[in-house]
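Peer 1: Quick one, run19.txt (compact mmCIF, C-alpha atoms):
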# COMPACT_ATOMS: atom_id res chain seq x y z
CA MET A 1 118.18 109.96 105.99
CA SER A 2 119.96 106.68 106.57
CA GLY A 3 123.42 105.81 105.33
CA HIS A 4 123.31 102.29 103.95
CA SER A 5 120.95 100.02 102.04
CA LYS A 6 121.41 96.27 102.43
CA TRP A 7 118.78 95.66 99.73
CA SER A 8 120.78 97.69 97.24
CA THR A 9 124.08 96.04 98.20
CA ILE A 10 122.74 92.60 97.35
CA LYS A 11 121.23 93.84 94.08
CA ARG A 12 124.47 95.54 93.02
CA LYS A 13 126.63 92.50 93.80
CA LYS A 14 124.36 90.28 91.79
CA GLY A 15 124.12 92.79 88.96
CA ALA A 16 127.51 91.69 87.64
CA ALA A 17 125.97 88.36 86.63
CA ASP A 18 123.70 90.09 84.08
CA ALA A 19 126.43 91.23 81.70
CA LYS A 20 125.48 89.16 78.67
CA ARG A 21 122.91 90.66 76.31
CA GLY A 22 120.60 87.64 76.31
CA ILE A 23 120.51 87.43 80.09
CA ALA A 24 119.88 91.18 80.28
CA PHE A 25 116.90 90.91 77.92
CA THR A 26 115.50 88.04 79.98
CA ARG A 27 115.74 90.13 83.14
CA LEU A 28 114.10 93.12 81.45
CA SER A 29 111.30 90.93 80.08
CA LYS A 30 110.59 89.59 83.55
CA ASP A 31 110.39 93.09 85.04
CA ILE A 32 107.95 94.13 82.30
CA THR A 33 105.82 91.01 82.72
CA LEU A 34 105.65 91.33 86.50
CA ALA A 35 104.73 95.03 86.35
CA ALA A 36 102.04 94.41 83.72
CA ARG A 37 100.60 91.48 85.68
CA GLU A 38 100.37 93.42 88.93
CA PHE A 39 99.30 96.87 87.75
CA GLY A 40 98.01 96.52 84.16
CA SER A 41 99.26 97.26 80.66
CA ASN A 42 98.61 101.02 80.54
CA VAL A 43 102.03 102.67 80.88
CA ASP A 44 100.41 106.02 81.73
CA MET A 45 98.70 104.47 84.76
CA ASN A 46 101.44 102.00 85.64
CA PRO A 47 104.72 103.72 86.62
CA ALA A 48 106.48 100.41 87.32
CA LEU A 49 105.71 99.25 83.79
CA ARG A 50 106.66 102.63 82.35
CA LEU A 51 110.10 102.45 84.01
CA ALA A 52 110.62 98.83 82.94
CA VAL A 53 109.71 99.59 79.32
CA LYS A 54 111.92 102.69 79.29
CA LYS A 55 114.86 100.65 80.57
CA ALA A 56 114.23 97.96 77.94
CA LYS A 57 114.17 100.51 75.14
CA THR A 58 117.38 102.09 76.42
CA SER A 59 118.96 98.63 76.21
CA ASN A 60 117.75 98.30 72.59
CA MET A 61 115.34 95.50 73.41
CA PRO A 62 113.14 94.83 70.33
CA THR A 63 109.62 96.25 70.47
CA ALA A 64 108.17 92.79 69.72
CA ASN A 65 109.88 91.41 72.84
CA ILE A 66 108.49 94.24 74.95
CA GLU A 67 104.95 93.71 73.65
CA ARG A 68 105.17 89.96 74.22
CA ALA A 69 106.36 90.49 77.80
CA ILE A 70 103.41 92.81 78.47
CA LYS A 71 100.91 90.35 76.96
CA LYS A 72 102.42 87.55 79.01
CA GLY A 73 101.81 89.57 82.15
CA THR A 74 98.24 90.49 81.29
CA GLY A 75 97.37 87.00 80.04
CA ASP A 76 96.68 88.18 76.48
CA LEU A 77 98.95 85.73 74.68
CA PRO A 78 96.67 83.58 72.51
CA GLY A 79 96.53 79.90 73.37
CA VAL A 80 98.57 80.24 76.58
CA VAL A 81 97.24 80.52 80.13
CA TYR A 82 99.74 81.69 82.74
CA GLU A 83 99.20 81.35 86.48
CA ASP A 84 101.24 82.97 89.22
CA TYR A 85 102.55 81.29 92.36
CA ILE A 86 104.80 82.07 95.29
CA TYR A 87 107.46 79.44 96.03
CA GLU A 88 109.27 79.65 99.35
CA GLY A 89 112.23 77.91 100.88
CA TYR A 90 115.71 78.17 102.33
CA GLY A 91 119.13 78.69 100.80
CA PRO A 92 122.64 78.04 102.14
CA GLY A 93 123.06 78.98 105.79
CA GLY A 94 119.29 79.03 106.34
CA THR A 95 118.78 82.17 104.25
CA ALA A 96 115.20 82.86 103.20
CA ILE A 97 114.31 82.43 99.51
CA LEU A 98 111.00 83.70 98.09
CA MET A 99 110.23 83.38 94.37
CA GLU A 100 107.46 84.94 92.30
CA ILE A 101 106.54 82.39 89.62
CA LEU A 102 104.59 82.77 86.38
CA THR A 103 104.06 79.52 84.51
CA ASP A 104 101.80 77.80 82.01
CA ASN A 105 102.63 74.40 83.51
CA LYS A 106 102.99 74.10 87.28
CA ASN A 107 103.61 70.36 87.00
CA ARG A 108 106.79 71.15 85.06
CA THR A 109 107.94 74.20 87.00
CA LEU A 110 107.62 72.94 90.57
CA PRO A 111 109.91 69.88 90.24
CA GLU A 112 112.41 71.92 88.22
CA ILE A 113 112.64 74.58 90.93
CA ARG A 114 112.82 71.95 93.66
CA SER A 115 115.68 70.23 91.84
CA LEU A 116 117.63 73.50 91.40
CA MET A 117 117.21 74.28 95.10
CA THR A 118 118.30 70.81 96.24
CA LYS A 119 121.34 70.66 93.95
CA ASN A 120 122.60 74.05 95.11
CA GLY A 121 122.37 73.92 98.89
CA GLY A 122 118.74 74.90 99.36
CA ASN A 123 115.37 73.30 99.87
CA LEU A 124 111.82 74.19 98.92
CA GLY A 125 109.56 74.76 101.92
CA GLU A 126 105.87 74.94 102.74
CA SER A 127 103.73 77.91 101.76
CA GLY A 128 104.18 80.70 104.30
CA CYS A 129 107.48 79.46 105.71
CA VAL A 130 109.38 82.66 104.83
CA ASN A 131 106.72 84.97 103.38
CA TRP A 132 106.24 86.64 106.75
CA MET A 133 109.87 87.84 106.67
CA PHE A 134 109.20 90.22 103.76
CA GLU A 135 107.08 93.31 103.17
CA LYS A 136 106.13 95.17 100.00
CA LYS A 137 107.75 98.56 99.41
CA GLY A 138 108.17 101.06 96.61
CA ILE A 139 111.85 101.55 95.76
CA ILE A 140 113.01 104.47 93.60
CA ILE A 141 116.66 105.00 92.66
CA ILE A 142 117.98 108.47 91.80
CA ASN A 143 121.54 109.32 90.78
CA LYS A 144 122.94 112.07 93.00
CA GLU A 145 123.95 114.07 89.94
CA ASP A 146 120.31 114.27 88.82
CA ILE A 147 118.84 115.90 91.91
CA SER A 148 119.73 118.71 94.29
CA GLU A 149 119.54 118.65 98.07
CA ASP A 150 116.45 120.88 97.82
CA GLY A 151 114.93 118.25 95.53
CA ILE A 152 115.53 115.59 98.15
CA LEU A 153 113.84 117.78 100.76
CA GLU A 154 110.82 118.08 98.45
CA ILE A 155 110.65 114.27 98.27
CA LEU A 156 110.70 114.07 102.06
CA ASP A 157 107.55 116.22 102.08
CA LEU A 158 105.78 113.44 100.17
CA ASN A 159 104.61 110.22 101.80
CA VAL A 160 107.98 108.46 101.86
CA GLU A 161 109.35 106.27 104.62
CA ASP A 162 113.04 107.01 104.12
CA VAL A 163 115.66 108.35 101.73
CA ILE A 164 118.87 106.35 101.94
CA THR A 165 122.25 107.56 100.71
CA VAL A 166 124.17 104.79 98.92
CA GLU A 167 127.46 105.80 97.31
CA ASP A 168 126.55 107.88 94.22
CA TYR A 169 122.75 107.62 94.39
CA TYR A 170 119.71 107.99 96.62
CA GLU A 171 117.23 105.23 97.33
CA VAL A 172 113.71 106.43 98.12
CA ILE A 173 111.59 103.96 100.08
CA SER A 174 107.82 104.40 100.18
CA PRO A 175 104.61 102.50 100.91
CA PRO A 176 103.68 100.64 97.71
CA GLU A 177 100.51 102.67 97.26
CA ASN A 178 102.58 105.88 97.03
CA PHE A 179 105.02 104.65 94.38
CA ASN A 180 102.90 106.09 91.55
CA GLU A 181 102.62 109.55 93.13
CA ILE A 182 106.35 109.83 93.87
CA SER A 183 107.37 108.50 90.45
CA LYS A 184 105.14 111.02 88.65
CA PHE A 185 106.41 113.85 90.87
CA LEU A 186 110.00 113.08 89.89
CA GLU A 187 109.21 112.45 86.23
CA ASN A 188 107.38 115.80 86.00
CA LYS A 189 110.59 117.42 87.18
CA GLU A 190 112.43 115.52 84.41
CA ILE A 191 114.51 113.62 86.95
CA THR A 192 115.76 110.26 85.69
CA ILE A 193 114.69 107.45 88.01
CA ASP A 194 114.75 103.68 88.27
CA GLY A 195 112.85 101.39 90.61
CA LYS A 196 109.76 99.31 91.22
CA VAL A 197 107.37 97.97 93.83
CA THR A 198 109.00 94.91 95.32
CA LEU A 199 109.33 92.75 98.42
CA VAL A 200 112.11 93.63 100.84
CA PRO A 201 113.25 91.75 103.96
CA GLN A 202 112.15 93.16 107.30
CA ASN A 203 115.46 92.07 108.84
CA MET A 204 118.77 90.98 107.35
CA MET A 205 120.66 87.79 108.17
CA LYS A 206 124.46 87.99 108.35
CA ILE A 207 126.40 85.18 106.67
CA ASN A 208 130.10 84.69 106.02
CA ALA A 209 131.74 85.08 102.61
CA GLU A 210 131.84 81.35 101.86
CA VAL A 211 128.14 80.84 102.57
CA GLY A 212 127.36 84.10 100.80
CA LYS A 213 129.06 82.90 97.63
CA LYS A 214 126.87 79.78 97.65
CA ALA A 215 123.71 81.80 98.35
CA ILE A 216 124.40 84.20 95.48
CA LYS A 217 125.11 81.26 93.15
CA LEU A 218 121.76 79.67 94.04
CA ILE A 219 119.84 82.92 93.50
CA THR A 220 121.58 83.50 90.17
CA ILE A 221 120.70 79.98 88.97
CA LEU A 222 117.07 80.38 90.06
CA GLU A 223 116.80 83.76 88.33
CA GLU A 224 117.86 82.18 85.07
CA HIS A 225 114.84 79.87 85.13
CA GLU A 226 112.26 81.07 82.62
CA ASP A 227 109.34 80.91 85.06
CA VAL A 228 110.99 82.77 87.94
CA GLN A 229 109.86 86.38 87.54
CA ASN A 230 111.39 87.76 90.72
CA ILE A 231 113.36 86.41 93.65
CA HIS A 232 113.95 87.79 97.14
CA SER A 233 116.30 86.89 99.95
CA ASN A 234 117.29 88.30 103.33
CA PHE A 235 121.05 87.99 103.68
CA GLU A 236 124.06 90.26 103.83
CA ILE A 237 127.68 89.12 103.75
CA GLU A 238 129.82 89.95 106.76
Let me see whether you can do it: turn the structure in this file into structure tokens.
Peer 2:
Amino acid sequence: MSGHSKWSTIKRKKGAADAKRGIAFTRLSKDITLAAREFGSNVDMNPALRLAVKKAKTSNMPTANIERAIKKGTGDLPGVVYEDYIYEGYGPGGTAILMEILTDNKNRTLPEIRSLMTKNGGNLGESGCVNWMFEKKGIIIINKEDISEDGILEILDLNVEDVITVEDYYEVISPPENFNEISKFLENKEITIDGKVTLVPQNMMKINAEVGKKAIKLITILEEHEDVQNIHSNFEIE
């Protein structure tokens, strides 16, 4: 087992920006929409959606909001046609920025995203310019208090790539196709989990604190855009 997760460090540092209730609901809605779009609306067959919906309910997100987010992902909202895109570019210090977009009007979204990038030290690039730097993985988070060492050993017997120790929790990394199996295994043992299938950087880029502050600001601004469902980068602050 490894001792540090750069992916988690970035996520935790940015998590402080999601304190307000409205912003939290927006983030939850995006997770639900993305999970429903990628794996379908059946929560029994879609562990990523099941986890996202469970988290939304725990945060007292209204049922109507949850249902709308699912329908947005599956394309079942009447009178609205959503299309998904990948936007790629560079942030401060040459950091890679990859955005998963879901929009009903590309002609509106593209210039808006380009403007946000340009005004905040980044620039939108050509398709494929940074996509190759990322790979899809299943990420499952488990609080250390919720699982024994024997339980961790049982997980290692499944098709996982690594179990990383990060402060007070474990991060289980798996091939995306095994996320469902591992999630169900843990849920059947009544172990509380969080996580999803997501893109992670193959290598991390070190940047100083000043550049890092600018990069985090850009990512936070982009995440607040309605059409940005998910955003990925590849930096860690020295």
Peer 1: Residues within 9 Å of segment 121-132 of chain A, please, as a PyMOL selection string. Count all atoms listed in the file; anything in the same chain fewer than 5 positions from it doesn't count.
Peer 2: chain A and resi 86-98+113-116+202+214-215+218
Peer 1: When you look at Asn230 of chain A with a cut-off of 8 Å (counting only C-alpha atoms), what residues show up, excluding the ones that are within fewer than 3 positions of it in the same chain? I need them as a count of residues only.
Peer 2: 7
Peer 1: Set the distance at 8 Å and use only C-alpha atoms: which residues neighbour Leu199 of chain A once local chain neighbours fewer than 3 positions away are removed? I'd like the list as a ChimeraX atom specification.
Peer 2: /A:134-137,232
Peer 1: When you look at Glu161 of chain A with a cut-off of 12 Å (counting all atoms listed in the file), what residues show up, excluding the ones that are within fewer than 3 positions of it in the same chain? I need them as a PyMOL selection string.
Peer 2: chain A and resi 1-2+137-140+155-158+164+171-176+178-179+182
Peer 1: Hey, can you check how far atom CA of Arg108 of chain A sits from atom CA of Phe39 of chain A?
Peer 2: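 One can read the atom CA of Arg108 of chain A to atom CA of Phe39 of chain A distance as 26.9 Å.
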Peer 1: Give me, please, the distance in Å between atom CA of Ser41 of chain A and atom CA of Asn107 of chain A, quoted to one decimal.
Peer 2: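 Between atom CA of Ser41 of chain A and atom CA of Asn107 of chain A the gap works out to 28.0 Å.
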Peer 1: Between atom CA of Tyr170 of chain A and atom CA of Asn208 of chain A, what is the distance, to one decimal in Å?
Peer 2: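 Result for atom CA of Tyr170 of chain A versus atom CA of Asn208 of chain A: 27.2 Å, one decimal.
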Peer 1: In the coordinate frame of the file, compute which residues have an atom within 9 Å of (106.2, 105.9, 83.3) when using only C-alpha atoms, and state them as a list in words.
Peer 2: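 So the residues meeting the distance criterion are Val43, Asp44, Met45, Asn46, Pro47, Ala48, Leu49, Arg50, Leu51, Ala52, Val53, Lys54, Asn180, Ser183, Lys184 and Glu187 of chain A.
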Peer 1: Can I get the selected residues back with C-alpha atoms, as a compact mmCIF listing (two decimals), keeping the file's coordinate frame?
Peer 2:
# COMPACT_ATOMS: atom_id res chain seq x y z
CA VAL A 43 102.03 102.67 80.88
CA ASP A 44 100.41 106.02 81.73
CA MET A 45 98.70 104.47 84.76
CA ASN A 46 101.44 102.00 85.64
CA PRO A 47 104.72 103.72 86.62
CA ALA A 48 106.48 100.41 87.32
CA LEU A 49 105.71 99.25 83.79
CA ARG A 50 106.66 102.63 82.35
CA LEU A 51 110.10 102.45 84.01
CA ALA A 52 110.62 98.83 82.94
CA VAL A 53 109.71 99.59 79.32
CA LYS A 54 111.92 102.69 79.29
CA ASN A 180 102.90 106.09 91.55
CA SER A 183 107.37 108.50 90.45
CA LYS A 184 105.14 111.02 88.65
CA GLU A 187 109.21 112.45 86.23
Peer 1: Determine the nearest neighbour of Lys106 of chain A from the options A:Thr118, A:Lys217, A:Asp84, A:Val197, counting all atoms listed in the file.
Peer 2: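 Counting all atoms listed in the file, the residue closest to Lys106 of chain A is A:Asp84.
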Peer 1: Tell me, counting only C-alpha atoms, for each residue of segment 89-166 of chain A within 12 Å of segment 78-81 of chain A, which pair of atoms is nearest and how far apart they are in Å to one decimal, in rows ordered by chain and increasing number, as a Markdown table.
Peer 2:
| residue | atom | partner | partner_atom | distance |
| --- | --- | --- | --- | --- |
| A:Leu102 | CA | A:Val81 | CA | 9.9 |
| A:Thr103 | CA | A:Val81 | CA | 8.2 |
| A:Asp104 | CA | A:Val81 | CA | 5.6 |
| A:Asn105 | CA | A:Val81 | CA | 8.8 |
| A:Lys106 | CA | A:Val81 | CA | 11.2 |
